[in-house]
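Structure data (PDB, C-alpha atoms) from upload_6.pdb:
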ATOM      1  CA  MET A   1     106.626  72.489 106.098
ATOM      2  CA  LYS A   2     102.823  72.512 106.034
ATOM      3  CA  LYS A   3     101.355  72.142 102.559
ATOM      4  CA  THR A   4      99.304  75.051 101.212
ATOM      5  CA  ILE A   5      95.927  74.008  99.776
ATOM      6  CA  TYR A   6      93.260  76.099  98.022
ATOM      7  CA  THR A   7      90.299  75.263  95.840
ATOM      8  CA  LEU A   8      90.114  76.847  92.421
ATOM      9  CA  ALA A   9      86.944  78.662  93.466
ATOM     10  CA  GLU A  10      88.779  80.240  96.414
ATOM     11  CA  LEU A  11      91.585  81.397  94.128
ATOM     12  CA  ALA A  12      89.139  82.814  91.587
ATOM     13  CA  ASN A  13      87.484  84.849  94.313
ATOM     14  CA  TYR A  14      90.869  85.990  95.669
ATOM     15  CA  ILE A  15      92.034  87.505  92.364
ATOM     16  CA  GLY A  16      88.634  88.469  90.956
ATOM     17  CA  ALA A  17      88.815  86.046  88.020
ATOM     18  CA  SER A  18      86.047  84.190  86.202
ATOM     19  CA  LEU A  19      86.047  80.458  86.860
ATOM     20  CA  GLN A  20      86.107  78.003  83.994
ATOM     21  CA  GLY A  21      85.785  74.331  84.973
ATOM     22  CA  ASP A  22      85.774  72.600  88.368
ATOM     23  CA  GLY A  23      85.673  75.080  91.242
ATOM     24  CA  GLN A  24      86.422  72.318  93.767
ATOM     25  CA  LYS A  25      89.678  71.369  92.060
ATOM     26  CA  VAL A  26      92.409  71.411  94.743
ATOM     27  CA  ILE A  27      95.553  73.466  94.044
ATOM     28  CA  THR A  28      98.705  72.903  96.119
ATOM     29  CA  GLY A  29     101.394  74.728  94.129
ATOM     30  CA  LEU A  30     102.250  77.339  91.520
ATOM     31  CA  LYS A  31     104.520  76.438  88.572
ATOM     32  CA  THR A  32     105.289  77.195  84.937
ATOM     33  CA  LEU A  33     103.263  75.659  82.132
ATOM     34  CA  GLN A  34     106.171  73.359  81.305
ATOM     35  CA  ASP A  35     106.708  72.048  84.838
ATOM     36  CA  ALA A  36     103.233  72.109  86.380
ATOM     37  CA  GLY A  37     101.555  68.903  87.569
ATOM     38  CA  VAL A  38      97.919  67.977  88.094
ATOM     39  CA  ASP A  39      97.693  69.804  91.454
ATOM     40  CA  ASP A  40      99.523  72.951  90.301
ATOM     41  CA  LEU A  41      98.248  76.274  89.033
ATOM     42  CA  SER A  42     100.075  77.919  86.124
ATOM     43  CA  PHE A  43      99.575  81.035  83.996
ATOM     44  CA  LEU A  44      99.950  82.263  80.424
ATOM     45  CA  ALA A  45     101.073  85.888  80.209
ATOM     46  CA  ASN A  46     103.560  85.828  77.322
ATOM     47  CA  PRO A  47     102.407  84.789  73.826
ATOM     48  CA  ALA A  48     105.780  83.084  73.310
ATOM     49  CA  TYR A  49     104.609  80.330  75.681
ATOM     50  CA  THR A  50     101.211  79.725  74.073
ATOM     51  CA  ARG A  51     102.483  76.470  72.565
ATOM     52  CA  TYR A  52     102.814  75.009  76.069
ATOM     53  CA  LEU A  53      99.131  75.606  76.796
ATOM     54  CA  LEU A  54      98.190  72.636  74.602
ATOM     55  CA  VAL A  55     100.493  70.184  76.402
ATOM     56  CA  THR A  56     100.625  71.437  79.989
ATOM     57  CA  GLN A  57      99.719  69.025  82.780
ATOM     58  CA  ALA A  58      98.640  71.885  85.061
ATOM     59  CA  GLY A  59      95.515  71.386  87.148
ATOM     60  CA  ALA A  60      94.439  74.895  86.146
ATOM     61  CA  VAL A  61      95.790  77.891  84.252
ATOM     62  CA  ILE A  62      95.315  81.650  84.619
ATOM     63  CA  ILE A  63      94.561  82.892  81.104
ATOM     64  CA  SER A  64      93.108  85.877  79.275
ATOM     65  CA  PRO A  65      89.609  85.958  77.736
ATOM     66  CA  ASP A  66      91.227  85.686  74.301
ATOM     67  CA  ASP A  67      92.941  82.390  75.178
ATOM     68  CA  ALA A  68      90.105  80.862  77.190
ATOM     69  CA  PRO A  69      87.975  79.538  74.268
ATOM     70  CA  SER A  70      90.849  77.404  72.955
ATOM     71  CA  TYR A  71      91.641  75.854  76.357
ATOM     72  CA  GLU A  72      89.485  72.962  77.548
ATOM     73  CA  GLY A  73      90.925  72.572  81.051
ATOM     74  CA  ASN A  74      90.252  74.345  84.345
ATOM     75  CA  ALA A  75      91.041  78.029  84.150
ATOM     76  CA  LEU A  76      90.923  81.346  85.942
ATOM     77  CA  VAL A  77      90.054  83.917  83.288
ATOM     78  CA  MET A  78      91.084  87.572  83.664
ATOM     79  CA  ASP A  79      92.371  90.435  81.539
ATOM     80  CA  ASN A  80      95.809  90.458  83.162
ATOM     81  CA  PRO A  81      96.957  86.888  83.937
ATOM     82  CA  TYR A  82     100.374  88.090  85.090
ATOM     83  CA  LEU A  83      98.745  90.263  87.749
ATOM     84  CA  GLY A  84      96.704  87.264  88.867
ATOM     85  CA  TYR A  85      99.892  85.227  89.165
ATOM     86  CA  ALA A  86     101.531  88.047  91.130
ATOM     87  CA  LYS A  87      98.704  88.125  93.675
ATOM     88  CA  ILE A  88      98.474  84.353  94.086
ATOM     89  CA  SER A  89     102.243  83.978  94.436
ATOM     90  CA  HIS A  90     101.997  85.412  97.958
ATOM     91  CA  LEU A  91      99.665  82.619  99.011
ATOM     92  CA  PHE A  92     102.335  80.035  98.184
ATOM     93  CA  ASP A  93     105.365  81.947  99.492
ATOM     94  CA  PRO A  94     107.207  79.615 101.903
ATOM     95  CA  ASP A  95     108.958  82.500 103.707
ATOM     96  CA  LYS A  96     106.753  83.008 106.758
ATOM     97  CA  GLY A  97     109.167  85.178 108.711
ATOM     98  CA  VAL A  98     109.734  85.383 112.435
ATOM     99  CA  ALA A  99     107.131  85.473 115.184
ATOM    100  CA  GLU A 100     105.988  88.694 116.814
ATOM    101  CA  GLY A 101     108.198  89.878 119.625
ATOM    102  CA  ILE A 102     111.894  90.463 120.190
ATOM    103  CA  HIS A 103     114.449  87.658 120.000
ATOM    104  CA  GLN A 104     116.491  87.224 123.159
ATOM    105  CA  THR A 105     119.773  87.947 121.332
ATOM    106  CA  ALA A 106     118.644  91.292 119.918
ATOM    107  CA  VAL A 107     120.297  94.441 121.275
ATOM    108  CA  ILE A 108     117.739  97.227 121.714
ATOM    109  CA  SER A 109     118.381 100.752 122.971
ATOM    110  CA  PRO A 110     116.142 101.717 125.918
ATOM    111  CA  SER A 111     115.070 104.837 124.006
ATOM    112  CA  ALA A 112     113.824 102.906 120.973
ATOM    113  CA  VAL A 113     110.050 102.779 120.515
ATOM    114  CA  ILE A 114     108.874  99.408 119.206
ATOM    115  CA  ASP A 115     105.271  98.456 118.482
ATOM    116  CA  LYS A 116     104.203  95.263 120.226
ATOM    117  CA  THR A 117     103.242  93.654 116.895
ATOM    118  CA  ALA A 118     106.744  94.021 115.425
ATOM    119  CA  ALA A 119     108.861  90.907 114.846
ATOM    120  CA  ILE A 120     112.578  91.299 115.566
ATOM    121  CA  GLY A 121     114.951  88.431 114.808
ATOM    122  CA  ALA A 122     118.227  87.143 116.210
ATOM    123  CA  ASN A 123     121.257  89.430 116.622
ATOM    124  CA  VAL A 124     119.419  92.543 115.481
ATOM    125  CA  VAL A 125     120.801  95.873 116.734
ATOM    126  CA  ILE A 126     118.441  98.812 117.177
ATOM    127  CA  GLU A 127     120.083 102.044 118.268
ATOM    128  CA  ALA A 128     118.819 105.049 120.201
ATOM    129  CA  ASP A 129     115.552 106.837 119.407
ATOM    130  CA  VAL A 130     114.533 104.484 116.614
ATOM    131  CA  VAL A 131     110.779 104.192 115.977
ATOM    132  CA  ILE A 132     109.458 100.845 114.723
ATOM    133  CA  SER A 133     105.798 100.782 113.728
ATOM    134  CA  ALA A 134     103.127  98.083 113.770
ATOM    135  CA  GLY A 135     103.700  94.941 111.756
ATOM    136  CA  VAL A 136     107.357  95.628 110.999
ATOM    137  CA  ARG A 137     109.471  92.522 110.386
ATOM    138  CA  ILE A 138     113.217  92.686 110.987
ATOM    139  CA  ASP A 139     115.175  89.536 110.145
ATOM    140  CA  ALA A 140     118.403  88.290 111.726
ATOM    141  CA  GLY A 141     121.524  90.435 111.698
ATOM    142  CA  VAL A 142     119.902  93.754 110.787
ATOM    143  CA  VAL A 143     121.267  97.039 112.167
ATOM    144  CA  VAL A 144     118.982 100.073 112.460
ATOM    145  CA  GLY A 145     120.888 103.280 113.187
ATOM    146  CA  HIS A 146     119.836 105.922 115.676
ATOM    147  CA  ASP A 147     116.966 108.322 114.918
ATOM    148  CA  SER A 148     115.591 106.174 112.107
ATOM    149  CA  VAL A 149     111.885 105.493 111.545
ATOM    150  CA  LEU A 150     110.326 102.361 110.050
ATOM    151  CA  GLY A 151     106.723 102.601 108.837
ATOM    152  CA  LYS A 152     103.973 100.001 109.221
ATOM    153  CA  ASN A 153     104.458  96.511 107.769
ATOM    154  CA  THR A 154     107.950  97.207 106.476
ATOM    155  CA  HIS A 155     110.271  94.215 106.094
ATOM    156  CA  LEU A 156     114.062  94.358 106.472
ATOM    157  CA  ALA A 157     115.639  91.094 105.319
ATOM    158  CA  ARG A 158     118.758  89.474 106.759
ATOM    159  CA  ASN A 159     121.840  91.644 107.324
ATOM    160  CA  VAL A 160     120.346  94.889 106.026
ATOM    161  CA  THR A 161     122.014  98.018 107.415
ATOM    162  CA  ILE A 162     119.937 101.140 107.986
ATOM    163  CA  CYS A 163     122.251 103.970 108.985
ATOM    164  CA  HIS A 164     121.294 106.861 111.256
ATOM    165  CA  GLY A 165     118.496 109.292 110.475
ATOM    166  CA  VAL A 166     116.767 107.257 107.747
ATOM    167  CA  SER A 167     113.005 107.505 107.259
ATOM    168  CA  ILE A 168     111.284 104.482 105.704
ATOM    169  CA  GLY A 169     107.611 104.447 104.777
ATOM    170  CA  GLN A 170     104.944 101.769 104.978
ATOM    171  CA  ARG A 171     105.072  98.322 103.333
ATOM    172  CA  VAL A 172     108.662  98.748 102.209
ATOM    173  CA  ILE A 173     110.760  95.648 101.469
ATOM    174  CA  ILE A 174     114.558  95.863 101.649
ATOM    175  CA  HIS A 175     116.340  92.651 100.696
ATOM    176  CA  ALA A 176     119.396  91.039 102.245
ATOM    177  CA  GLY A 177     122.681  92.894 102.475
ATOM    178  CA  SER A 178     121.511  96.314 101.316
ATOM    179  CA  VAL A 179     122.813  99.501 102.935
ATOM    180  CA  VAL A 180     120.642 102.599 103.237
ATOM    181  CA  GLY A 181     122.089 105.871 104.482
ATOM    182  CA  SER A 182     125.829 105.316 104.159
ATOM    183  CA  ASP A 183     127.956 108.387 103.437
ATOM    184  CA  GLY A 184     127.856 109.852  99.957
ATOM    185  CA  PHE A 185     131.072 110.227  97.948
ATOM    186  CA  GLY A 186     131.905 113.793  98.977
ATOM    187  CA  ASN A 187     135.491 115.052  99.003
ATOM    188  CA  ALA A 188     137.249 118.404  98.574
ATOM    189  CA  ARG A 189     140.708 118.571  96.990
ATOM    190  CA  SER A 190     143.588 120.251  98.809
ATOM    191  CA  GLY A 191     146.889 119.950  96.960
ATOM    192  CA  GLN A 192     147.602 116.241  96.685
ATOM    193  CA  HIS A 193     145.109 115.282  99.366
ATOM    194  CA  TRP A 194     141.377 114.730  99.698
ATOM    195  CA  ASN A 195     139.336 116.204 102.553
ATOM    196  CA  LYS A 196     136.161 114.353 103.456
ATOM    197  CA  ILE A 197     132.883 116.301 103.423
ATOM    198  CA  ALA A 198     130.498 115.315 106.219
ATOM    199  CA  GLN A 199     127.261 113.975 104.789
ATOM    200  CA  ILE A 200     124.665 115.637 106.986
ATOM    201  CA  GLY A 201     121.514 114.888 104.971
ATOM    202  CA  GLY A 202     119.445 111.742 105.304
ATOM    203  CA  VAL A 203     117.468 109.272 103.218
ATOM    204  CA  ILE A 204     113.685 109.303 102.807
ATOM    205  CA  ILE A 205     112.007 106.223 101.361
ATOM    206  CA  GLY A 206     108.306 106.419 100.528
ATOM    207  CA  ASP A 207     105.564 103.800 100.805
ATOM    208  CA  ASP A 208     105.425 100.501  98.870
ATOM    209  CA  VAL A 209     109.060 100.646  97.752
ATOM    210  CA  GLU A 210     111.098  97.482  97.139
ATOM    211  CA  ILE A 211     114.907  97.505  97.225
ATOM    212  CA  GLY A 212     116.931  94.498  96.065
ATOM    213  CA  SER A 213     119.877  92.747  97.687
ATOM    214  CA  CYS A 214     123.252  94.468  98.091
ATOM    215  CA  THR A 215     122.016  97.819  96.810
ATOM    216  CA  CYS A 216     123.544 100.981  98.309
ATOM    217  CA  ILE A 217     121.619 104.211  98.769
ATOM    218  CA  ASP A 218     123.795 107.071 100.053
ATOM    219  CA  ARG A 219     122.593 109.735 102.440
ATOM    220  CA  GLY A 220     122.454 113.330 101.228
ATOM    221  CA  ALA A 221     125.311 115.772 101.570
ATOM    222  CA  LEU A 222     122.995 118.587 102.746
ATOM    223  CA  ASP A 223     119.452 117.751 101.657
ATOM    224  CA  ASN A 224     118.024 114.227 101.569
ATOM    225  CA  THR A 225     118.296 111.411  99.082
ATOM    226  CA  VAL A 226     114.681 110.533  98.206
ATOM    227  CA  ILE A 227     113.072 107.346  96.871
ATOM    228  CA  MET A 228     109.397 108.077  96.187
ATOM    229  CA  ASP A 229     106.338 105.849  96.608
ATOM    230  CA  GLY A 230     106.110 102.651  94.616
ATOM    231  CA  ALA A 231     109.664 102.643  93.235
ATOM    232  CA  ARG A 232     111.253  99.288  92.392
ATOM    233  CA  ILE A 233     115.019  99.045  92.765
ATOM    234  CA  ASP A 234     116.791  95.806  91.820
ATOM    235  CA  ASN A 235     119.933  94.172  93.245
ATOM    236  CA  LEU A 236     123.436  95.673  93.124
ATOM    237  CA  ILE A 237     122.466  99.258  92.345
ATOM    238  CA  GLN A 238     124.330 102.381  93.454
ATOM    239  CA  ILE A 239     122.232 105.472  94.196
ATOM    240  CA  ALA A 240     124.457 108.372  95.160
ATOM    241  CA  HIS A 241     123.846 111.309  97.508
ATOM    242  CA  ASN A 242     120.921 113.657  96.856
ATOM    243  CA  VAL A 243     119.495 111.547  94.043
ATOM    244  CA  VAL A 244     115.694 111.655  93.717
ATOM    245  CA  ILE A 245     113.867 108.649  92.252
ATOM    246  CA  GLY A 246     110.282 109.375  91.177
ATOM    247  CA  LYS A 247     107.097 107.460  91.929
ATOM    248  CA  ASN A 248     106.751 103.968  90.434
ATOM    249  CA  THR A 249     110.091 104.140  88.642
ATOM    250  CA  ALA A 250     111.774 100.741  88.168
ATOM    251  CA  ILE A 251     115.550 100.299  87.984
ATOM    252  CA  ALA A 252     117.156  96.998  86.919
ATOM    253  CA  SER A 253     120.316  95.438  88.354
ATOM    254  CA  CYS A 254     123.772  97.036  88.279
ATOM    255  CA  ALA A 255     122.622 100.537  87.310
ATOM    256  CA  GLY A 256     124.580 103.451  88.768
ATOM    257  CA  ILE A 257     123.143 106.913  89.405
ATOM    258  CA  SER A 258     125.540 109.740  90.222
ATOM    259  CA  GLY A 259     124.895 112.454  92.772
ATOM    260  CA  SER A 260     122.090 115.030  92.559
ATOM    261  CA  THR A 261     120.436 113.419  89.541
ATOM    262  CA  ARG A 262     116.640 113.563  89.578
ATOM    263  CA  ILE A 263     114.720 110.799  87.811
ATOM    264  CA  GLY A 264     111.028 111.330  87.143
ATOM    265  CA  HIS A 265     107.912 109.263  87.781
ATOM    266  CA  ASN A 266     107.059 106.041  85.928
ATOM    267  CA  CYS A 267     110.475 105.644  84.340
ATOM    268  CA  THR A 268     112.216 102.345  83.579
ATOM    269  CA  ILE A 269     115.978 101.948  83.628
ATOM    270  CA  GLY A 270     117.629  98.881  82.119
ATOM    271  CA  GLY A 271     120.354  96.852  83.764
ATOM    272  CA  GLY A 272     123.849  98.314  83.832
ATOM    273  CA  ALA A 273     122.738 101.806  82.786
ATOM    274  CA  GLY A 274     124.777 104.725  84.104
ATOM    275  CA  PHE A 275     123.870 108.333  84.842
ATOM    276  CA  ALA A 276     126.205 111.307  85.141
ATOM    277  CA  GLY A 277     125.566 113.667  88.035
ATOM    278  CA  HIS A 278     123.269 116.701  88.287
ATOM    279  CA  LEU A 279     120.881 115.543  85.545
ATOM    280  CA  ASP A 280     117.097 115.947  85.320
ATOM    281  CA  ILE A 281     115.185 113.073  83.714
ATOM    282  CA  ALA A 282     111.535 113.665  82.743
ATOM    283  CA  ASP A 283     108.615 111.424  83.681
ATOM    284  CA  ASN A 284     107.923 108.347  81.522
ATOM    285  CA  VAL A 285     111.466 108.005  80.219
ATOM    286  CA  HIS A 286     112.693 104.497  79.382
ATOM    287  CA  ILE A 287     116.445 103.851  79.323
ATOM    288  CA  ALA A 288     117.801 100.735  77.617
ATOM    289  CA  GLY A 289     120.234  98.407  79.370
ATOM    290  CA  MET A 290     123.903  99.472  79.437
ATOM    291  CA  ALA A 291     123.033 102.989  78.240
ATOM    292  CA  MET A 292     125.206 105.872  79.442
ATOM    293  CA  VAL A 293     123.137 108.999  80.133
ATOM    294  CA  THR A 294     125.343 112.100  80.077
ATOM    295  CA  ARG A 295     122.774 114.881  79.656
ATOM    296  CA  SER A 296     119.336 115.739  80.978
ATOM    297  CA  ILE A 297     116.241 114.379  79.212
ATOM    298  CA  ASP A 298     113.168 116.623  79.071
ATOM    299  CA  THR A 299     110.999 114.595  76.667
ATOM    300  CA  PRO A 300     109.295 111.281  77.534
ATOM    301  CA  GLY A 301     110.246 108.307  75.380
ATOM    302  CA  ALA A 302     112.751 105.486  74.928
ATOM    303  CA  TYR A 303     116.484 106.161  74.858
ATOM    304  CA  ALA A 304     119.571 103.992  74.290
ATOM    305  CA  SER A 305     123.303 104.349  73.716
ATOM    306  CA  GLY A 306     126.216 102.141  72.726
ATOM    307  CA  THR A 307     126.142  99.341  70.174
ATOM    308  CA  GLY A 308     124.508  95.949  70.254
ATOM    309  CA  PHE A 309     126.598  92.814  70.426
ATOM    310  CA  MET A 310     127.952  91.261  67.203
ATOM    311  CA  ASP A 311     130.540  88.791  65.956
ATOM    312  CA  ALA A 312     133.930  89.649  67.523
ATOM    313  CA  LYS A 313     135.697  89.978  64.145
ATOM    314  CA  GLU A 314     133.035  92.369  62.880
ATOM    315  CA  TRP A 315     133.212  94.377  66.123
ATOM    316  CA  ARG A 316     137.017  94.802  65.806
ATOM    317  CA  LYS A 317     136.655  96.110  62.248
ATOM    318  CA  ASN A 318     133.932  98.529  63.349
ATOM    319  CA  ALA A 319     136.067  99.704  66.277
ATOM    320  CA  VAL A 320     138.846 100.634  63.854
ATOM    321  CA  ARG A 321     136.356 102.531  61.686
ATOM    322  CA  PHE A 322     135.034 104.367  64.737
ATOM    323  CA  ARG A 323     138.500 105.758  65.485
ATOM    324  CA  GLN A 324     138.697 106.993  61.877
ATOM    325  CA  LEU A 325     135.342 108.798  61.876
ATOM    326  CA  ASN A 326     136.683 112.260  62.688
ATOM    327  CA  ALA A 327     139.314 112.163  59.931
ATOM    328  CA  MET A 328     136.747 110.791  57.478
ATOM    329  CA  ALA A 329     134.293 113.554  58.349
ATOM    330  CA  LYS A 330     136.926 116.231  57.765
ATOM    331  CA  ARG A 331     137.864 114.733  54.379
ATOM    332  CA  LEU A 332     134.180 114.560  53.405
ATOM    333  CA  GLU A 333     133.623 118.187  54.409
ATOM    334  CA  LYS A 334     136.675 119.237  52.381
ATOM    335  CA  LEU A 335     135.442 117.218  49.379
ATOM    336  CA  GLU A 336     131.959 118.781  49.561
ATOM    337  CA  LYS A 337     133.437 122.273  49.570
ATOM    338  CA  SER A 338     135.493 121.478  46.453
ATOM    339  CA  LEU A 339     132.442 120.341  44.452
TER     340      LEU A 339
END

As structure tokens, the full file:
Amino acid sequence: MKKTIYTLAELANYIGASLQGDGQKVITGLKTLQDAGVDDLSFLANPAYTRYLLVTQAGAVIISPDDAPSYEGNALVMDNPYLGYAKISHLFDPDKGVAEGIHQTAVISPSAVIDKTAAIGANVVIEADVVISAGVRIDAGVVVGHDSVLGKNTHLARNVTICHGVSIGQRVIIHAGSVVGSDGFGNARSGQHWNKIAQIGGVIIGDDVEIGSCTCIDRGALDNTVIMDGARIDNLIQIAHNVVIGKNTAIASCAGISGSTRIGHNCTIGGGAGFAGHLDIADNVHIAGMAMVTRSIDTPGAYASGTGFMDAKEWRKNAVRFRQLNAMAKRLEKLEKSL
């Protein structure tokens, strides 16, 4: 693999940082403060790692103006070092993708419309009336169902499945193994049997969305399931039919969102959180990991449920007390009335 080489001056210009030190210093990699060598660039974004700044072997460090005076080495100085790291990380990403054009093993419907700048990998299946826009990258093993649309510069990683009638915006990234547009969990009871409800809605994904590996986003029962612009969805997440995820909302791994719940803009949802169905969550709501949300939230803020971890013996004692709470409350109420 060809080595990536930049001068510190080039990197400063790329991220809009002030240069401290030798602008001709050559940088060939990006690593943590602890592991960086003399040709690596590192960054300090968390105060907990400040102690490593004094001993790092990094050739240069991205740091804030507050930290710059105490650091004597080469540096890129900016208000948000983590953002600088985020931008530079793309320069050193070894995943270069597949070349433009269609691999000879791909199976493409004659009615599909594919821009000449798209890159389509081995064993991809593209069904009827699909539209693939400029700069789209589709890795090996992907299936794109009929009547779906992929916006400019979208990337579908290996073995993603896009079911029929899905609309995906521009610059979307969907990681390996995810399924978008599978049937929602819709059934009607008849005696001792279940009758399947056809899921006739679709899925609409906005621009600049990222969806992690092995996440499932169900199509709508009647209307569409919607993921709005800028949302970030981690691995192993279930988003049920007719859910709406607001702009720039971020959801961590293993969360589950039941049908017809609407989550607002700029929310954060911790790992393993669960949502009952048919809820409305306001903008700027922050849900802690493993929380169970059973009612709508109309006020921005931070919310949590459950108990934090503790010593197992202490937890067992508290669990016993929890089962006694109702009886204790009744006795207390009775005692208060007698006073």

If I put a ball of radius 8 Å at (97.7, 80.3, 98.3) in the file's coordinates, which residues poke into it when counting all atoms listed in the file, written as a PyMOL selection string? chain A and resi 4-6+11+28-29+88-93

Name the residues captured by the PyMOL selection byres ((chain A and resi 207) around 8) when it is applied to the shown file; answer as a PyMOL selection string. chain A and resi 168-172+205-206+208-209+228-230

Saved selection, atoms kept: C-alpha atoms, as a PDB file, in the frame of the given file:
ATOM      1  CA  ILE A 168     111.284 104.482 105.704  1.00  0.00           C
ATOM      2  CA  GLY A 169     107.611 104.447 104.777  1.00  0.00           C
ATOM      3  CA  GLN A 170     104.944 101.769 104.978  1.00  0.00           C
ATOM      4  CA  ARG A 171     105.072  98.322 103.333  1.00  0.00           C
ATOM      5  CA  VAL A 172     108.662  98.748 102.209  1.00  0.00           C
ATOM      6  CA  ILE A 205     112.007 106.223 101.361  1.00  0.00           C
ATOM      7  CA  GLY A 206     108.306 106.419 100.528  1.00  0.00           C
ATOM      8  CA  ASP A 208     105.425 100.501  98.870  1.00  0.00           C
ATOM      9  CA  VAL A 209     109.060 100.646  97.752  1.00  0.00           C
ATOM     10  CA  MET A 228     109.397 108.077  96.187  1.00  0.00           C
ATOM     11  CA  ASP A 229     106.338 105.849  96.608  1.00  0.00           C
ATOM     12  CA  GLY A 230     106.110 102.651  94.616  1.00  0.00           C
TER      13      GLY A 230
END

Counting all atoms listed in the file, which residues of range 212-242 of chain A sit at most 12 Å from some atom of range 195-201 of chain A, and what is each one's closest atom pair with its distance in Å to one decimal, listed by chain and rising residue number, as JSON lines?
{"residue": "A:Asp218", "atom": "CA", "partner": "A:Gln199", "partner_atom": "CA", "distance": 9.1}
{"residue": "A:Arg219", "atom": "CA", "partner": "A:Gly201", "partner_atom": "CA", "distance": 5.8}
{"residue": "A:Gly220", "atom": "CA", "partner": "A:Gly201", "partner_atom": "CA", "distance": 4.2}
{"residue": "A:Ala221", "atom": "CA", "partner": "A:Gln199", "partner_atom": "CA", "distance": 4.2}
{"residue": "A:Leu222", "atom": "CA", "partner": "A:Gly201", "partner_atom": "CA", "distance": 4.6}
{"residue": "A:Asp223", "atom": "CA", "partner": "A:Gly201", "partner_atom": "CA", "distance": 4.8}
{"residue": "A:Asn224", "atom": "CA", "partner": "A:Gly201", "partner_atom": "CA", "distance": 4.9}
{"residue": "A:Thr225", "atom": "CA", "partner": "A:Gly201", "partner_atom": "CA", "distance": 7.6}
{"residue": "A:Val226", "atom": "CA", "partner": "A:Gly201", "partner_atom": "CA", "distance": 10.6}
{"residue": "A:Ala240", "atom": "CA", "partner": "A:Gln199", "partner_atom": "CA", "distance": 11.5}
{"residue": "A:His241", "atom": "CA", "partner": "A:Gln199", "partner_atom": "CA", "distance": 8.5}
{"residue": "A:Asn242", "atom": "CA", "partner": "A:Gly201", "partner_atom": "CA", "distance": 8.2}

Please check which residues have atoms at most 8 Å from (122.6, 100.8, 108.3) in the file's coordinates, counting only C-alpha atoms, and write them as number ranges by chain. A: 142-145, 160-164, 179-182

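In this comparison, which uses only C-alpha atoms, the residue of A:Leu53, A:Ala282, A:Leu150, A:Ala302 approaching Asn266 in chain A most closely is A:Ala282.
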
Residues in the PyMOL selection byres ((chain A and resi 210) around 7), expressed as a VMD selection string: chain A and resid 172 to 174 208 to 209 211 to 212 231 to 233

Could you tell me which residues the PyMOL selection byres ((chain A and resi 58-60) around 6) returns for this structure, as number ranges by chain? A: 36-41, 56-57, 61, 74-75

For His278 in chain A, list every protein, DNA or RNA residue within 8 Å, evaluated using all atoms listed in the file, and leave out those in the same chain fewer than 2 positions away; present the list as a PyMOL selection string. chain A and resi 258-262+276+280

Please write the residues from the selection above to a file, keeping C-alpha atoms, as a short mmCIF file (atom, residue, chain, number, x, y, z; two decimals), keeping the file's coordinate frame.
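Final output, saved to again10.cif:
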data_model
loop_
_atom_site.label_atom_id
_atom_site.label_comp_id
_atom_site.auth_asym_id
_atom_site.auth_seq_id
_atom_site.Cartn_x
_atom_site.Cartn_y
_atom_site.Cartn_z
CA SER A 258 125.54 109.74 90.22
CA GLY A 259 124.90 112.45 92.77
CA SER A 260 122.09 115.03 92.56
CA THR A 261 120.44 113.42 89.54
CA ARG A 262 116.64 113.56 89.58
CA ALA A 276 126.20 111.31 85.14
CA ASP A 280 117.10 115.95 85.32
#

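Proximity of A:Ser338, A:Thr117, A:Ser178, A:Asn284 to Ile239 in chain A, computed with all atoms listed in the file, is greatest for A:Ser178.
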
Can you pull out the residues contacting Gly16 in chain A? Cut-off 10 Å, using only C-alpha atoms, and skip same-chain residues under 2 positions away; I want them as a PyMOL selection string. chain A and resi 10-14+18-19+76-78+84

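The space between CA of Leu156 in chain A and CA of Ile138 in chain A spans 4.9 Å.
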
Would you compute the box with edges along x, y and z of the file around range 39-53 of chain A, including every atom the file lists for it and 8 Å extra on each side, and give its centre and edge lengths in Å to one decimal, as lines of an AutoDock Vina configuration file?
center_x = 101.7
center_y = 77.8
center_z = 82.0
size_x = 24.1
size_y = 32.1
size_z = 34.9

Go through A:Gly308, A:Gly246, A:Gly256, A:Pro69 one by one, measure the shortest atom-to-atom distance of each to Val285 in chain A using only C-alpha atoms, and give the residue with the smallest value. A:Gly246
